[in-house]
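**Student:** This is the content of input.pdb (PDB, C-alpha atoms):
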MODEL        1
ATOM      1  CA  THR A   1      -9.879  -3.016   1.999
ATOM      2  CA  MET A   2      -6.853  -1.833   3.940
ATOM      3  CA  TRP A   3      -5.443   1.584   4.747
ATOM      4  CA  TYR A   4      -1.934   2.942   4.925
ATOM      5  CA  ARG A   5      -0.877   6.209   6.567
ATOM      6  CA  VAL A   6       2.342   8.092   5.888
ATOM      7  CA  SER A   7       3.395  11.620   6.805
ATOM      8  CA  LYS A   8       3.593  13.871   3.765
ATOM      9  CA  SER A   9       6.791  15.362   5.136
ATOM     10  CA  VAL A  10       8.636  12.034   5.011
ATOM     11  CA  ARG A  11      11.825  12.450   2.944
ATOM     12  CA  HIS A  12      11.519  11.094  -0.595
ATOM     13  CA  PHE A  13       7.871  10.074  -0.062
ATOM     14  CA  GLU A  14       6.858  10.723  -3.664
ATOM     15  CA  SER A  15       9.861   8.817  -5.016
ATOM     16  CA  ALA A  16       8.615   5.646  -3.317
ATOM     17  CA  LEU A  17       4.921   6.241  -4.014
ATOM     18  CA  VAL A  18       5.344   6.553  -7.774
ATOM     19  CA  ASP A  19       6.291   2.868  -8.003
ATOM     20  CA  LEU A  20       2.810   1.879  -6.792
ATOM     21  CA  TRP A  21       0.805   3.661  -9.490
ATOM     22  CA  ASP A  22      -0.351   0.390 -11.164
ATOM     23  CA  LEU A  23      -1.928  -1.015  -7.976
ATOM     24  CA  PRO A  24      -5.634  -0.520  -7.140
ATOM     25  CA  LEU A  25      -4.901   2.311  -4.707
ATOM     26  CA  ALA A  26      -6.537   5.621  -3.900
ATOM     27  CA  MET A  27      -4.843   8.534  -2.136
ATOM     28  CA  ALA A  28      -6.106  11.386   0.016
ATOM     29  CA  VAL A  29      -4.428  14.105   2.090
ATOM     30  CA  ASP A  30      -5.876  15.138   5.443
ATOM     31  CA  PRO A  31      -6.053  18.974   5.168
ATOM     32  CA  ASP A  32      -5.729  19.341   8.945
ATOM     33  CA  SER A  33      -2.718  17.125   9.693
ATOM     34  CA  HIS A  34      -1.207  16.900   6.150
ATOM     35  CA  VAL A  35      -1.025  13.132   6.598
ATOM     36  CA  VAL A  36      -1.340  11.082   3.420
ATOM     37  CA  TRP A  37      -3.798   8.177   3.511
ATOM     38  CA  ILE A  38      -3.694   5.342   0.986
ATOM     39  CA  ARG A  39      -6.631   2.984   0.482
ATOM     40  CA  ALA A  40      -6.124  -0.404  -1.148
ATOM     41  CA  GLU A  41      -8.988  -2.333  -2.726
ATOM     42  CA  VAL A  42      -8.588  -6.077  -3.240
ATOM     43  CA  SER A  43     -11.138  -7.289  -5.777
ATOM     44  CA  CYS A  44     -11.561  -8.229  -9.411
ATOM     45  CA  SER A  45     -12.206  -5.978 -12.391
ATOM     46  CA  GLY A  46     -14.247  -7.932 -14.931
ATOM     47  CA  SER A  47     -12.395 -11.144 -15.792
ATOM     48  CA  LYS A  48      -8.984  -9.740 -14.885
ATOM     49  CA  PRO A  49      -7.945 -10.320 -11.253
ATOM     50  CA  MET A  50      -6.434  -7.324  -9.512
ATOM     51  CA  ALA A  51      -3.477  -7.427  -7.151
ATOM     52  CA  THR A  52      -3.749  -9.775  -4.178
ATOM     53  CA  ILE A  53      -3.546  -8.597  -0.585
ATOM     54  CA  ASP A  54      -0.092 -10.211  -0.274
ATOM     55  CA  GLU A  55       1.243  -8.388  -3.342
ATOM     56  CA  ILE A  56      -0.158  -5.052  -2.187
ATOM     57  CA  SER A  57       1.261  -5.529   1.316
ATOM     58  CA  SER A  58       4.679  -6.438  -0.084
ATOM     59  CA  ARG A  59       4.875  -3.443  -2.383
ATOM     60  CA  LEU A  60       3.535  -1.021   0.224
ATOM     61  CA  SER A  61       6.357  -2.128   2.519
ATOM     62  CA  VAL A  62       8.733   0.296   0.766
ATOM     63  CA  LEU A  63       6.728   3.214   2.193
ATOM     64  CA  PRO A  64       7.727   4.568   5.603
ATOM     65  CA  GLY A  65       4.338   4.419   7.307
ATOM     66  CA  GLN A  66       1.757   2.330   9.152
ATOM     67  CA  ARG A  67      -0.760  -0.189   7.791
ATOM     68  CA  TYR A  68      -4.247  -0.436   9.287
ATOM     69  CA  GLU A  69      -7.244  -2.745   9.221
ATOM     70  CA  ARG A  70     -10.810  -1.632   9.917
ATOM     71  CA  HIS A  71     -13.037  -2.975  12.668
ATOM     72  CA  GLU A  72     -16.809  -3.294  12.643
ATOM     73  CA  ASP A  73     -17.146  -0.149  14.780
ATOM     74  CA  GLY A  74     -15.323   1.842  12.083
ATOM     75  CA  ARG A  75     -12.081   2.322  14.004
ATOM     76  CA  LEU A  76      -8.729   1.570  12.401
ATOM     77  CA  ARG A  77      -6.141  -0.592  14.153
ATOM     78  CA  ILE A  78      -2.476  -0.935  13.264
ATOM     79  CA  ILE A  79      -2.001  -4.454  11.935
ATOM     80  CA  GLY A  80      -0.227  -6.570  14.529
ATOM     81  CA  GLN A  81      -1.295  -4.395  17.477
ATOM     82  CA  ARG A  82      -4.383  -4.631  19.691
ATOM     83  CA  LEU A  83      -4.692  -1.318  21.466
ATOM     84  CA  SER A  84      -3.459   1.305  18.999
ATOM     85  CA  THR A  85      -6.554   2.525  17.151
ATOM     86  CA  THR A  86      -7.665   5.652  15.330
ATOM     87  CA  HIS A  87     -10.494   6.960  13.181
ATOM     88  CA  LEU A  88     -10.240   7.619   9.465
ATOM     89  CA  PRO A  89     -10.673  11.393   8.906
ATOM     90  CA  GLU A  90     -14.091  12.241   7.456
ATOM     91  CA  ASN A  91     -13.048  15.110   5.178
ATOM     92  CA  LEU A  92     -10.829  13.149   2.803
ATOM     93  CA  HIS A  93     -11.010  13.593  -0.976
ATOM     94  CA  TRP A  94      -9.961  10.285  -2.550
ATOM     95  CA  ARG A  95      -8.309  10.139  -5.971
ATOM     96  CA  PRO A  96      -6.966   7.077  -7.828
ATOM     97  CA  LEU A  97      -3.220   6.889  -7.349
ATOM     98  CA  ALA A  98      -2.648   6.265 -11.071
ATOM     99  CA  GLU A  99      -4.402   9.563 -11.806
ATOM    100  CA  VAL A 100      -2.279  11.454  -9.275
ATOM    101  CA  MET A 101       0.963  10.001 -10.634
ATOM    102  CA  ARG A 102      -0.023  10.667 -14.243
ATOM    103  CA  LEU A 103      -0.019  14.379 -13.476
ATOM    104  CA  LYS A 104       3.660  14.222 -12.516
ATOM    105  CA  TRP A 105       5.364  11.453 -14.458
ATOM    106  CA  PRO A 106       5.396  11.364 -18.282
ATOM    107  CA  ARG A 107       5.326   8.022 -20.041
ATOM    108  CA  ALA A 108       8.543   6.760 -21.540
ATOM    109  CA  GLY A 109       8.919   7.578 -25.220
ATOM    110  CA  VAL A 110      11.560   7.718 -27.905
ATOM    111  CA  PRO A 111      13.416  11.052 -27.826
ATOM    112  CA  LYS A 112      12.639  13.355 -30.702
ATOM    113  CA  GLN A 113      16.131  13.140 -32.161
ATOM    114  CA  SER A 114      15.879   9.334 -32.532
ATOM    115  CA  SER A 115      15.427   7.960 -36.042
ATOM    116  CA  ASP A 116      13.534   4.903 -34.728
ATOM    117  CA  PRO A 117       9.749   4.784 -35.184
ATOM    118  CA  PRO A 118       7.845   6.249 -32.195
ATOM    119  CA  VAL A 119       6.935   3.803 -29.448
ATOM    120  CA  GLN A 120       5.234   4.182 -26.080
ATOM    121  CA  LEU A 121       6.725   1.811 -23.553
ATOM    122  CA  ARG A 122       4.973   0.596 -20.429
ATOM    123  CA  LEU A 123       5.178  -2.190 -17.881
ATOM    124  CA  GLU A 124       2.387  -4.740 -17.635
ATOM    125  CA  ARG A 125       1.748  -7.821 -15.561
ATOM    126  CA  GLY A 126       2.842 -11.053 -17.202
ATOM    127  CA  GLY A 127       5.798 -12.226 -19.207
ATOM    128  CA  LEU A 128       8.294 -15.059 -18.895
ATOM    129  CA  GLU A 129       9.063 -16.485 -15.491
ATOM    130  CA  SER A 130      12.554 -15.761 -14.206
ATOM    131  CA  SER A 131      14.440 -16.127 -10.953
ATOM    132  CA  ILE A 132      14.753 -13.263  -8.493
ATOM    133  CA  ALA A 133      17.835 -11.201  -9.267
ATOM    134  CA  GLY A 134      17.362  -8.471  -6.680
ATOM    135  CA  LEU A 135      15.136  -7.039  -3.985
ATOM    136  CA  LEU A 136      14.046  -3.404  -3.637
ATOM    137  CA  VAL A 137      13.800  -2.594   0.069
ATOM    138  CA  ASN A 138      13.520   0.335   2.423
ATOM    139  CA  LEU A 139      16.987   1.691   3.199
ATOM    140  CA  ASN A 140      16.334   1.826   6.943
ATOM    141  CA  ASP A 141      15.203  -1.814   6.964
ATOM    142  CA  LEU A 142      18.382  -2.803   5.152
ATOM    143  CA  ALA A 143      20.513  -0.841   7.606
ATOM    144  CA  LYS A 144      19.006  -2.726  10.548
ATOM    145  CA  TRP A 145      19.514  -6.094   8.884
ATOM    146  CA  VAL A 146      23.183  -5.638   7.918
ATOM    147  CA  GLU A 147      24.084  -4.836  11.519
ATOM    148  CA  THR A 148      23.299  -8.417  12.578
ATOM    149  CA  ALA A 149      23.718 -10.366   9.318
ATOM    150  CA  ALA A 150      26.578 -12.822   9.024
ATOM    151  CA  GLU A 151      29.576 -11.660   7.011
ATOM    152  CA  ILE A 152      29.279 -14.663   4.697
ATOM    153  CA  ARG A 153      25.769 -13.508   3.758
ATOM    154  CA  LEU A 154      26.887  -9.955   3.034
ATOM    155  CA  ARG A 155      29.817 -11.049   0.848
ATOM    156  CA  ARG A 156      27.391 -12.593  -1.632
ATOM    157  CA  LEU A 157      25.461  -9.367  -2.145
ATOM    158  CA  LYS A 158      25.926  -6.032  -3.885
ATOM    159  CA  TRP A 159      23.690  -2.993  -3.771
ATOM    160  CA  ILE A 160      22.742   0.400  -5.130
ATOM    161  CA  TYR A 161      20.530   3.009  -3.541
ATOM    162  CA  LYS A 162      18.322   5.908  -4.559
ATOM    163  CA  ASP A 163      16.732   8.226  -2.014
ATOM    164  CA  SER A 164      15.122   6.044   0.703
ATOM    165  CA  LEU A 165      15.250   2.799  -1.313
ATOM    166  CA  ALA A 166      17.955   0.215  -1.920
ATOM    167  CA  LEU A 167      18.206  -2.495  -4.584
ATOM    168  CA  VAL A 168      20.116  -5.535  -3.325
ATOM    169  CA  ALA A 169      21.389  -8.090  -5.850
ATOM    170  CA  GLY A 170      22.679 -11.570  -5.176
ATOM    171  CA  HIS A 171      21.520 -14.853  -3.719
ATOM    172  CA  PRO A 172      20.007 -15.433  -1.318
ATOM    173  CA  PRO A 173      18.369 -11.995  -1.014
ATOM    174  CA  PRO A 174      18.021 -10.449   2.453
ATOM    175  CA  PRO A 175      14.965 -11.634   4.438
ATOM    176  CA  LEU A 176      13.237  -8.270   4.241
ATOM    177  CA  PRO A 177       9.876  -7.053   2.902
ATOM    178  CA  GLY A 178      10.261  -5.503  -0.521
ATOM    179  CA  VAL A 179       9.688  -5.789  -4.249
ATOM    180  CA  ALA A 180      11.437  -8.604  -6.111
ATOM    181  CA  PHE A 181      13.181  -7.663  -9.369
ATOM    182  CA  GLY A 182      14.299  -9.625 -12.383
ATOM    183  CA  CYS A 183      17.204  -8.592 -14.597
ATOM    184  CA  HIS A 184      17.203  -8.720 -18.401
ATOM    185  CA  GLU A 185      20.497  -7.645 -19.992
ATOM    186  CA  ASN A 186      21.122  -5.234 -17.104
ATOM    187  CA  ILE A 187      17.573  -3.845 -17.288
ATOM    188  CA  TRP A 188      15.912  -4.365 -13.911
ATOM    189  CA  ILE A 189      12.115  -4.631 -13.736
ATOM    190  CA  PRO A 190       9.718  -5.904 -11.030
ATOM    191  CA  MET A 191       9.121  -9.663 -11.065
ATOM    192  CA  GLY A 192       5.902 -10.684 -12.769
ATOM    193  CA  GLN A 193       6.010  -7.752 -15.182
ATOM    194  CA  SER A 194       7.336  -7.212 -18.692
ATOM    195  CA  TRP A 195       7.664  -4.259 -21.026
ATOM    196  CA  VAL A 196       5.109  -3.692 -23.765
ATOM    197  CA  PRO A 197       5.504  -3.670 -26.711
ATOM    198  CA  ASN A 198       7.881  -6.647 -26.650
ATOM    199  CA  ILE A 199      10.934  -4.998 -28.217
ATOM    200  CA  GLU A 200      14.604  -5.861 -27.875
ATOM    201  CA  ALA A 201      16.520  -4.728 -24.796
ATOM    202  CA  ALA A 202      18.748  -2.565 -27.013
ATOM    203  CA  GLN A 203      15.668  -0.683 -28.218
ATOM    204  CA  VAL A 204      14.531  -0.151 -24.642
ATOM    205  CA  ARG A 205      17.898   1.401 -23.901
ATOM    206  CA  ARG A 206      17.551   3.756 -26.866
ATOM    207  CA  VAL A 207      14.159   4.861 -25.582
ATOM    208  CA  PHE A 208      15.707   5.874 -22.271
ATOM    209  CA  GLN A 209      18.947   7.104 -23.871
ATOM    210  CA  CYS A 210      20.805   4.587 -21.738
ATOM    211  CA  ASP A 211      24.313   3.454 -22.593
ATOM    212  CA  ALA A 212      25.054  -0.281 -22.603
ATOM    213  CA  SER A 213      27.430   0.219 -19.672
ATOM    214  CA  GLU A 214      24.708   1.780 -17.506
ATOM    215  CA  THR A 215      22.342  -0.076 -15.185
ATOM    216  CA  LEU A 216      18.706   0.644 -15.984
ATOM    217  CA  VAL A 217      16.345   0.228 -13.025
ATOM    218  CA  TRP A 218      12.818   0.430 -14.431
ATOM    219  CA  ARG A 219      10.739   0.710 -11.281
ATOM    220  CA  SER A 220       7.423   1.564 -12.966
ATOM    221  CA  THR A 221       6.118   2.864 -16.276
ATOM    222  CA  HIS A 222       6.501   6.353 -14.888
ATOM    223  CA  GLN A 223       9.943   6.074 -13.326
ATOM    224  CA  CYS A 224      13.229   4.699 -14.546
ATOM    225  CA  GLU A 225      16.679   5.287 -13.101
ATOM    226  CA  LYS A 226      19.938   5.239 -15.080
ATOM    227  CA  LEU A 227      22.936   4.409 -12.922
ATOM    228  CA  PRO A 228      26.600   4.123 -13.930
ATOM    229  CA  ARG A 229      28.329   0.755 -13.795
ATOM    230  CA  ASP A 230      30.339   1.815 -10.734
ATOM    231  CA  ALA A 231      27.151   2.692  -8.798
ATOM    232  CA  TRP A 232      27.054  -0.895  -7.534
ATOM    233  CA  SER A 233      29.105  -1.654  -4.461
ATOM    234  CA  ALA A 234      29.638  -4.624  -2.172
ATOM    235  CA  LEU A 235      27.067  -4.744   0.596
ATOM    236  CA  SER A 236      28.698  -4.124   3.947
ATOM    237  CA  ARG A 237      27.915  -2.484   7.251
ATOM    238  CA  ALA A 238      30.399   0.265   6.500
ATOM    239  CA  SER A 239      28.900   1.123   3.096
ATOM    240  CA  VAL A 240      25.355   1.330   4.470
ATOM    241  CA  ARG A 241      26.423   3.390   7.475
ATOM    242  CA  GLU A 242      28.213   5.815   5.172
ATOM    243  CA  VAL A 243      25.063   6.337   3.083
ATOM    244  CA  LEU A 244      22.942   6.969   6.180
ATOM    245  CA  LYS A 245      25.332   9.723   7.249
ATOM    246  CA  GLN A 246      24.647  11.712   4.083
TER
ENDMDL
END
How does this structure look as structure tokens?

**Tutor:**
Amino acid sequence: TMWYRVSKSVRHFESALVDLWDLPLAMAVDPDSHVVWIRAEVSCSGSKPMATIDEISSRLSVLPGQRYERHEDGRLRIIGQRLSTTHLPENLHWRPLAEVMRLKWPRAGVPKQSSDPPVQLRLERGGLESSIAGLLVNLNDLAKWVETAAEIRLRRLKWIYKDSLALVAGHPPPPLPGVAFGCHENIWIPMGQSWVPNIEAAQVRRVFQCDASETLVWRSTHQCEKLPRDAWSALSRASVREVLKQ
């Protein structure tokens, strides 16, 4: 078990958290400090293995917060530090993250005006192996990296951003913690996942009312972003600095 703490007032917190709904996480809000605590369980459910500690750590890296491990005396220590410790609040009411997100994010479905038969789309683990096409990272982490990265590295990359996250495409990807994405006919989904039912990409676009010229970034079953073709731009120090000014 590991714990993650993030201030509820952090800008765009919910936008990043919704992408983690399919992980074995529970969430609680400290009523005194309004700090959000996330608890991750690494185990197996029946014969189906749940997410590994490495996968959970990688995907939690998009959240602006601190990750803790628990000692035998019950105190929590920030991973990588020796002296910084704290206690987990006692008055926390834990709820599964998937349950919390389900209250806010509807599942993707065919719009009523469509003549296609109804279908409920979702992302599930599995599918064909593919190479990494992009990396979803924290915008602040990307900003720090581009300041020291070689120009030849930056020229090979393009990027788009949404709130506090950035999707960087190109090879090799930046050496940053994040979520790897694959690309299928300009539909971007996390690596190791596929959409169910297995319908054609054109049908997926109809479900989301997405034009063929638009980039579809399907971050989770509950969140999908439609971005115009010109939303992509070359990755450069100037372009990232400009975004951070907004």

**Student:** Please report the interatomic distance between atom CA of Asn140 of chain A and atom CA of Ile53 of chain A in Å with one decimal.

**Tutor:**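 Going from atom CA of Asn140 of chain A over to atom CA of Ile53 of chain A covers 23.7 Å.
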
**Student:** Can you tell me, as a list in words, what residues are no more than 10 Å from segment 73-88 of chain A when counting all atoms listed in the file, ignoring any on the same chain fewer than 3 positions away?

**Tutor:**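 So the residues in contact are Met2, Trp3, Tyr4, Arg5, Asp30, Trp37, Gln66, Arg67, Tyr68, Glu69, Arg70, Asn91 and Leu92 of chain A.
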
**Student:** Please enumerate the residues selected by the PyMOL selection byres ((chain A and resi 195) around 8) when evaluated against the supplied file, formatted as an MDAnalysis selection string.

**Tutor:** chainID A and resid 121:124 193:194 196:199

**Student:** Next, the residues of the selection above should be written as a PDB file, keeping the file's coordinate frame with C-alpha atoms.

**Tutor:**
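To be explicit, this is the file written out as out.pdb:
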ATOM      1  CA  LEU A 121       6.725   1.811 -23.553  1.00  0.00           C
ATOM      2  CA  ARG A 122       4.973   0.596 -20.429  1.00  0.00           C
ATOM      3  CA  LEU A 123       5.178  -2.190 -17.881  1.00  0.00           C
ATOM      4  CA  GLU A 124       2.387  -4.740 -17.635  1.00  0.00           C
ATOM      5  CA  GLN A 193       6.010  -7.752 -15.182  1.00  0.00           C
ATOM      6  CA  SER A 194       7.336  -7.212 -18.692  1.00  0.00           C
ATOM      7  CA  VAL A 196       5.109  -3.692 -23.765  1.00  0.00           C
ATOM      8  CA  PRO A 197       5.504  -3.670 -26.711  1.00  0.00           C
ATOM      9  CA  ASN A 198       7.881  -6.647 -26.650  1.00  0.00           C
ATOM     10  CA  ILE A 199      10.934  -4.998 -28.217  1.00  0.00           C
TER      11      ILE A 199
END

**Student:** Would you write out, as a ChimeraX atom specification, every residue that the PyMOL selection byres ((chain A and resi 192) around 6) captures in this file?

**Tutor:** /A:125-126,191,193

**Student:** Quick one: write out the picked residues with C-alpha atoms as a short mmCIF file (atom, residue, chain, number, x, y, z; two decimals), in the coordinates of the input?

**Tutor:**
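Written file, out.cif:
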data_model
loop_
_atom_site.label_atom_id
_atom_site.label_comp_id
_atom_site.auth_asym_id
_atom_site.auth_seq_id
_atom_site.Cartn_x
_atom_site.Cartn_y
_atom_site.Cartn_z
CA ARG A 125 1.75 -7.82 -15.56
CA GLY A 126 2.84 -11.05 -17.20
CA MET A 191 9.12 -9.66 -11.06
CA GLN A 193 6.01 -7.75 -15.18
#

**Student:** How many Å separate atom CA of Asn138 of chain A from atom CA of Val35 of chain A?

**Tutor:** 19.8 Å
